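Participant: Starting off with a structure, shown below.
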Amino acid sequence: MLRAYKYRIYPTDEQKVLFAKTFGCCRFVYNWALNLRIEAYKSDKRTVPYKEIQDCMVNELKAEHDWLKEVNSQSLLYSLRNLETAYTNFFRNTKAVGFPRFKSRKSRQSFLCPQHCRVDFERGTITIPKAKDIPAVLHRKFRGAVKTVTVSMTPSGKYYASVLVDTSIQELQAAEPQEKTTVGIDLGVKSLVVCSDGRTFENPKNLQRSLHRLAMLQKRLSRKQKGSANRNKARVKIARLQEHISNCRKDNLHKITHTLTHDSQVRTICMEDLNVKGMQRNHHLAQAVVDASFGMFLTMLEYKCRWYGVNLIKIDRFAPSSKTCGKCGHIYKGLKLSERSWTCPECGTHHDRDFNAACNIKDFGLKALPTERGKVKPVDCPLVDERPRVLKSNGRKKQEKRGDYSPQSSCLQAWVAHKYIRAKRTGRKFNCSGFPNSSARG
């Protein structure tokens with residue numbers, strides 16, 4: 001299994017000069033290739049293949065610019081491969097991935113070395129082509145063959161080396177989902193994670209706690225003269241604060257996901273398939289959603305579940321987990337986002353919004369049938385979404401209904417859902433008899 005280990009490195013002054021040249025050359029080659037593709041499509045309506053760009057870079061671009069020969073040639077070729085990957089991802093899903101953008105020298109810089117890399121744990125150094133014995137803090141050891149080393153520099157001026165290793169570690173096989181070893185989790189802004197077993201992980205709100213300090217530093221930066229040394233110092237202070245916020249957020253998410261995946265009593269985790277990008281469009285909640293970092297949490301939880309043999313079941317994002325009463329199954333459609341607790345009008349049970357949602361997510365997830373690890377069919381939950389879908393075609397709006405949602409069928413679905421959940425809670429046999437329309441039974 002491939003694993004990446006990230007180490008802090010402290011290059012010498014000569015190595016910093018080499019890194020700066022490599023960063024600039026890789027950025028120049030990437031922007032040159034991106035501009036070549038854009039111009040070729042504008043003029044001839046064609047896509048330039050990777051092989052043609054590579055030959056043009058080796059034969060023509062290096063002949064025009066001799067300073068490109070001062071850095072590792074494999075790093076330049078991998079810049080072209082990164083551009084090819086960006087184009088492939090964009091055309092594979094144009095809604096989720098944006099069009100490739102030009103690289104800037106003001107953002108994070110990096111280059112990749114695919115071969116002739118070595119890590120020496122005894123001396124505490126990392127060796128890459130044209131840069132030997134780079135001092136590093138090797139806080140974690142590994143066993144395996146080094147595949148690639150990616151050297152990066154943050155906007156605050158810190159250097160890191162990410163080592164990709166082909167280890168002999170095997171992924172653990174996941175067992176069949178069982179109700180006793182299953183936990184449902186609900187993500188939120190007030191409490192970051194609420195589990196169906198009663199555990200709650202609070203949201204530290206790292207960005208909100210540092211907003212005053214961040215605003216003050218940004219005001220100081222705006223008053224500095226452009227191009228001056230003091231402006232650069234103010235920029236570094238802002239970069240360090242933003243890096244501190246990011247590190248605190250990642251540390252908290254790693255601790256939560258480690259706790260969930262290393263619990264011996266939890267072998268299956270059920271959660272909602274959240275539309276994080278859509279949640280960020282709400283300007284009242286965008287900052288809180290970004291600060292909570294739901295997308296990063298999902299990414300960490302997915303790969304850690306694969307590593308440690310934990311089943312991860314995602315239910316439909318439109319499932320009424322918060323509005324469904326966990327005792328009688330009544331769906332309270334009038335629940336507002338500001339109501340953190342509510343009382344069921346059917347049975348009178350008082351519910352905590354997040355804990356009730358976590359319990360319902362667990363129940364919905366156990367009804368999903370996993371076909372294979374990592375791929376789970378969406379839960380077959382009644383009344384998932386009754387809203388009509390709005391489509392735009394040639395400037396006109398069309399409404400497409402998701403199935404038959406006539407008043408009679410909607411009433412039937414609500415009645416069947418209520419009967420099913422109530423029968424499941426009470427342990428009785430599910431029976432749909434008694435509905436006025438006998439032809440719709442079953």
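Residue names in the structure tokens use chain letters A, B, ... in the order shown, residue numbers from 1 in each chain, and ligand numbers from 1 in the order shown.
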Ile269 (chain A): which residues within 7 Å, counting only C-alpha atoms, same-chain residues fewer than 5 positions away excluded, as a PyMOL selection string?

Facilitator: chain A and resi 182-184+311-313

Participant: Write the selection just made, keeping all heavy atoms, as a short mmCIF file (atom, residue, chain, number, x, y, z; two decimals), in the first residue's frame?

Facilitator:
data_model
loop_
_atom_site.label_atom_id
_atom_site.label_comp_id
_atom_site.auth_asym_id
_atom_site.auth_seq_id
_atom_site.Cartn_x
_atom_site.Cartn_y
_atom_site.Cartn_z
N THR A 182 -22.41 -0.75 14.91
CA THR A 182 -22.67 0.34 13.97
C THR A 182 -22.96 1.61 14.75
O THR A 182 -23.65 1.59 15.78
CB THR A 182 -23.87 0.00 13.07
OG1 THR A 182 -23.60 -1.21 12.36
CG2 THR A 182 -24.11 1.12 12.07
N VAL A 183 -22.42 2.71 14.28
CA VAL A 183 -22.66 4.01 14.88
C VAL A 183 -23.00 4.99 13.77
O VAL A 183 -22.44 4.95 12.67
CB VAL A 183 -21.41 4.48 15.67
CG1 VAL A 183 -20.23 4.70 14.76
CG2 VAL A 183 -21.72 5.76 16.45
N GLY A 184 -23.97 5.84 14.04
CA GLY A 184 -24.34 6.91 13.11
C GLY A 184 -23.80 8.23 13.61
O GLY A 184 -23.82 8.51 14.81
N ASN A 311 -16.36 -0.30 7.82
CA ASN A 311 -17.36 -0.03 6.79
C ASN A 311 -17.83 1.42 6.91
O ASN A 311 -18.12 1.89 8.00
CB ASN A 311 -18.56 -0.96 6.93
CG ASN A 311 -18.19 -2.40 6.66
OD1 ASN A 311 -17.81 -2.77 5.55
ND2 ASN A 311 -18.28 -3.24 7.68
N LEU A 312 -17.91 2.09 5.77
CA LEU A 312 -18.41 3.46 5.73
C LEU A 312 -19.62 3.49 4.80
O LEU A 312 -19.51 3.26 3.60
CB LEU A 312 -17.34 4.43 5.23
CG LEU A 312 -17.76 5.91 5.16
CD1 LEU A 312 -18.13 6.41 6.55
CD2 LEU A 312 -16.66 6.76 4.56
N ILE A 313 -20.79 3.74 5.37
CA ILE A 313 -22.04 3.76 4.61
C ILE A 313 -22.55 5.19 4.58
O ILE A 313 -22.70 5.83 5.62
CB ILE A 313 -23.10 2.84 5.25
CG1 ILE A 313 -22.58 1.40 5.28
CG2 ILE A 313 -24.42 2.92 4.49
CD1 ILE A 313 -23.54 0.43 5.95
#

Participant: Region 128-370 of chain A: which residues are alpha helix (DSSP H) by DSSP, as number ranges by chain?

Facilitator: A: 206-209, 211-222, 229-261, 276-279, 286-292, 294-308, 353-366

Participant: Within 9 Å of region 132-139 of chain A, counting only C-alpha atoms, which residues show up once you throw out same-chain ones fewer than 5 positions away? Write them as a PyMOL selection string, please.

Facilitator: chain A and resi 6-12+15+119-121+123-127+160-161

Participant: Just want the 9 Å neighbourhood of Asn72 (chain A), counted on only C-alpha atoms, with same-chain residues fewer than 4 positions away dropped. Output as a list of chain:residue names.

Facilitator: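 Here the answer would be A:Thr22, A:Leu68, A:Leu76, A:Cys113, A:Pro129, A:Lys130.
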
Participant: Closest to Gly278 (chain A) among A:Ala96, A:Glu346, A:His330, A:Arg105, using only C-alpha atoms?

Facilitator: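 Looking only at the distances to Gly278 (chain A), the closest residue turns out to be A:Ala96.
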
Participant: Using only C-alpha atoms, can you tell me which of A:Asn247, A:Thr259, A:Gln170, A:Thr268 comes closest to Phe201 (chain A)?

Facilitator: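 Closest candidate: A:Thr259.
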
Participant: What are the DSSP strand (DSSP E or B) residues of region 138-279 of chain A, as a PyMOL selection string?

Facilitator: chain A and resi 144-153+159-167+182-187+191-195+200-202+268-272

Participant: I need the chosen residues saved as a short mmCIF file (atom, residue, chain, number, x, y, z; two decimals), in the first residue's frame, with N, CA, C and O atoms.

Facilitator:
data_model
loop_
_atom_site.label_atom_id
_atom_site.label_comp_id
_atom_site.auth_asym_id
_atom_site.auth_seq_id
_atom_site.Cartn_x
_atom_site.Cartn_y
_atom_site.Cartn_z
N GLY A 144 10.00 0.36 3.43
CA GLY A 144 9.51 0.22 2.06
C GLY A 144 10.39 1.01 1.10
O GLY A 144 11.35 1.69 1.49
N ALA A 145 10.05 0.93 -0.18
CA ALA A 145 10.80 1.60 -1.22
C ALA A 145 10.25 3.00 -1.44
O ALA A 145 9.03 3.20 -1.53
N VAL A 146 11.15 3.96 -1.53
CA VAL A 146 10.75 5.35 -1.77
C VAL A 146 10.41 5.51 -3.25
O VAL A 146 11.24 5.25 -4.13
N LYS A 147 9.19 5.95 -3.53
CA LYS A 147 8.74 6.13 -4.91
C LYS A 147 9.03 7.55 -5.40
O LYS A 147 9.71 7.73 -6.41
N THR A 148 8.52 8.54 -4.72
CA THR A 148 8.72 9.94 -5.10
C THR A 148 8.92 10.79 -3.86
O THR A 148 8.56 10.39 -2.74
N VAL A 149 9.50 11.96 -4.07
CA VAL A 149 9.67 12.97 -3.01
C VAL A 149 9.21 14.31 -3.57
O VAL A 149 9.69 14.76 -4.61
N THR A 150 8.26 14.93 -2.89
CA THR A 150 7.73 16.23 -3.29
C THR A 150 8.19 17.28 -2.30
O THR A 150 7.87 17.20 -1.11
N VAL A 151 8.97 18.23 -2.78
CA VAL A 151 9.48 19.33 -1.96
C VAL A 151 8.55 20.53 -2.15
O VAL A 151 8.23 20.90 -3.28
N SER A 152 8.10 21.11 -1.05
CA SER A 152 7.17 22.23 -1.11
C SER A 152 7.62 23.33 -0.16
O SER A 152 8.33 23.08 0.82
N MET A 153 7.18 24.55 -0.46
CA MET A 153 7.45 25.70 0.39
C MET A 153 6.15 26.45 0.61
O MET A 153 5.44 26.79 -0.34
N TYR A 159 9.80 24.86 4.63
CA TYR A 159 10.03 23.83 3.62
C TYR A 159 9.61 22.47 4.17
O TYR A 159 9.88 22.14 5.33
N TYR A 160 8.98 21.68 3.30
CA TYR A 160 8.54 20.34 3.66
C TYR A 160 8.88 19.37 2.53
O TYR A 160 8.99 19.77 1.36
N ALA A 161 9.05 18.10 2.91
CA ALA A 161 9.29 17.03 1.94
C ALA A 161 8.27 15.92 2.20
O ALA A 161 8.23 15.36 3.29
N SER A 162 7.47 15.63 1.20
CA SER A 162 6.47 14.57 1.29
C SER A 162 6.99 13.34 0.56
O SER A 162 7.19 13.38 -0.66
N VAL A 163 7.24 12.26 1.31
CA VAL A 163 7.85 11.05 0.77
C VAL A 163 6.77 10.01 0.54
O VAL A 163 6.08 9.61 1.48
N LEU A 164 6.62 9.58 -0.70
CA LEU A 164 5.65 8.53 -1.04
C LEU A 164 6.37 7.19 -1.00
O LEU A 164 7.36 6.99 -1.72
N VAL A 165 5.87 6.26 -0.17
CA VAL A 165 6.55 5.00 0.10
C VAL A 165 5.62 3.85 -0.27
O VAL A 165 4.41 3.88 0.04
N ASP A 166 6.18 2.85 -0.92
CA ASP A 166 5.47 1.61 -1.22
C ASP A 166 5.73 0.65 -0.07
O ASP A 166 6.73 -0.07 -0.05
N THR A 167 4.82 0.64 0.91
CA THR A 167 5.02 -0.17 2.11
C THR A 167 4.41 -1.55 1.93
O THR A 167 3.66 -1.82 0.98
N THR A 182 -22.41 -0.75 14.91
CA THR A 182 -22.67 0.34 13.97
C THR A 182 -22.96 1.61 14.75
O THR A 182 -23.65 1.59 15.78
N VAL A 183 -22.42 2.71 14.28
CA VAL A 183 -22.66 4.01 14.88
C VAL A 183 -23.00 4.99 13.77
O VAL A 183 -22.44 4.95 12.67
N GLY A 184 -23.97 5.84 14.04
CA GLY A 184 -24.34 6.91 13.11
C GLY A 184 -23.80 8.23 13.61
O GLY A 184 -23.82 8.51 14.81
N ILE A 185 -23.27 9.04 12.70
CA ILE A 185 -22.70 10.33 13.08
C ILE A 185 -23.39 11.43 12.28
O ILE A 185 -23.74 11.25 11.11
N ASP A 186 -23.61 12.54 12.95
CA ASP A 186 -24.23 13.71 12.34
C ASP A 186 -23.27 14.88 12.47
O ASP A 186 -22.81 15.20 13.57
N LEU A 187 -22.95 15.51 11.33
CA LEU A 187 -22.04 16.65 11.32
C LEU A 187 -22.83 17.94 11.49
O LEU A 187 -23.92 18.09 10.94
N SER A 191 -21.88 21.55 17.26
CA SER A 191 -21.08 20.39 17.65
C SER A 191 -20.61 19.73 16.35
O SER A 191 -21.44 19.38 15.51
N LEU A 192 -19.32 19.56 16.21
CA LEU A 192 -18.79 19.10 14.94
C LEU A 192 -19.29 17.70 14.60
O LEU A 192 -19.75 17.45 13.48
N VAL A 193 -19.23 16.77 15.54
CA VAL A 193 -19.66 15.39 15.33
C VAL A 193 -20.49 14.96 16.53
O VAL A 193 -20.05 15.09 17.68
N VAL A 194 -21.68 14.44 16.26
CA VAL A 194 -22.54 13.87 17.29
C VAL A 194 -22.81 12.42 16.91
O VAL A 194 -23.28 12.15 15.80
N CYS A 195 -22.48 11.48 17.79
CA CYS A 195 -22.62 10.05 17.51
C CYS A 195 -23.91 9.52 18.13
O CYS A 195 -24.43 10.06 19.11
N THR A 200 -19.97 13.15 21.80
CA THR A 200 -20.05 14.43 21.11
C THR A 200 -18.65 15.03 21.02
O THR A 200 -17.93 15.09 22.02
N PHE A 201 -18.28 15.47 19.82
CA PHE A 201 -16.99 16.13 19.59
C PHE A 201 -17.28 17.59 19.24
O PHE A 201 -17.91 17.87 18.22
N GLU A 202 -16.82 18.48 20.09
CA GLU A 202 -17.14 19.90 19.92
C GLU A 202 -16.34 20.50 18.76
O GLU A 202 -15.28 20.01 18.39
N THR A 268 -18.69 -0.23 11.80
CA THR A 268 -19.44 0.35 10.70
C THR A 268 -19.84 1.77 11.09
O THR A 268 -20.34 1.99 12.20
N ILE A 269 -19.62 2.70 10.19
CA ILE A 269 -19.95 4.10 10.42
C ILE A 269 -20.93 4.53 9.35
O ILE A 269 -20.70 4.33 8.15
N CYS A 270 -22.04 5.12 9.77
CA CYS A 270 -23.06 5.63 8.85
C CYS A 270 -23.08 7.16 8.95
O CYS A 270 -23.05 7.71 10.05
N MET A 271 -23.14 7.80 7.81
CA MET A 271 -23.17 9.26 7.78
C MET A 271 -23.85 9.72 6.51
O MET A 271 -24.12 8.94 5.60
N GLU A 272 -24.15 11.01 6.45
CA GLU A 272 -24.84 11.60 5.31
C GLU A 272 -23.84 11.94 4.21
O GLU A 272 -22.69 12.29 4.48
#

Participant: For the atom pair CA of Pro155 (chain A) and CA of Phe19 (chain A), what is the interatomic distance in Å to one decimal place?

Facilitator: 14.2 Å

Participant: Find the residues around region 45-62 of chain A up to 10 Å (only C-alpha atoms counted), leave out those fewer than 2 positions away in its own chain, and share them as a VMD selection string.

Facilitator: chain A and resid 29 32 to 34 36 to 43 64 to 69 73 76 to 77 80 to 81 83 to 84

Participant: Using only C-alpha atoms, which of the listed residues (A:Gly24, A:Ala292, A:Arg3, A:Ile238) sits closest to Lys250 (chain A)?

Facilitator: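 Distance minimum relative to Lys250 (chain A) lands on A:Ala292.
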
Participant: Would you mind telling me which residue in A:Glu339, A:Glu302, A:Asp352, A:Glu243 lies nearest to Thr257 (chain A) when using only C-alpha atoms?

Facilitator: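 The answer is A:Glu302, which sits nearest to Thr257 (chain A).
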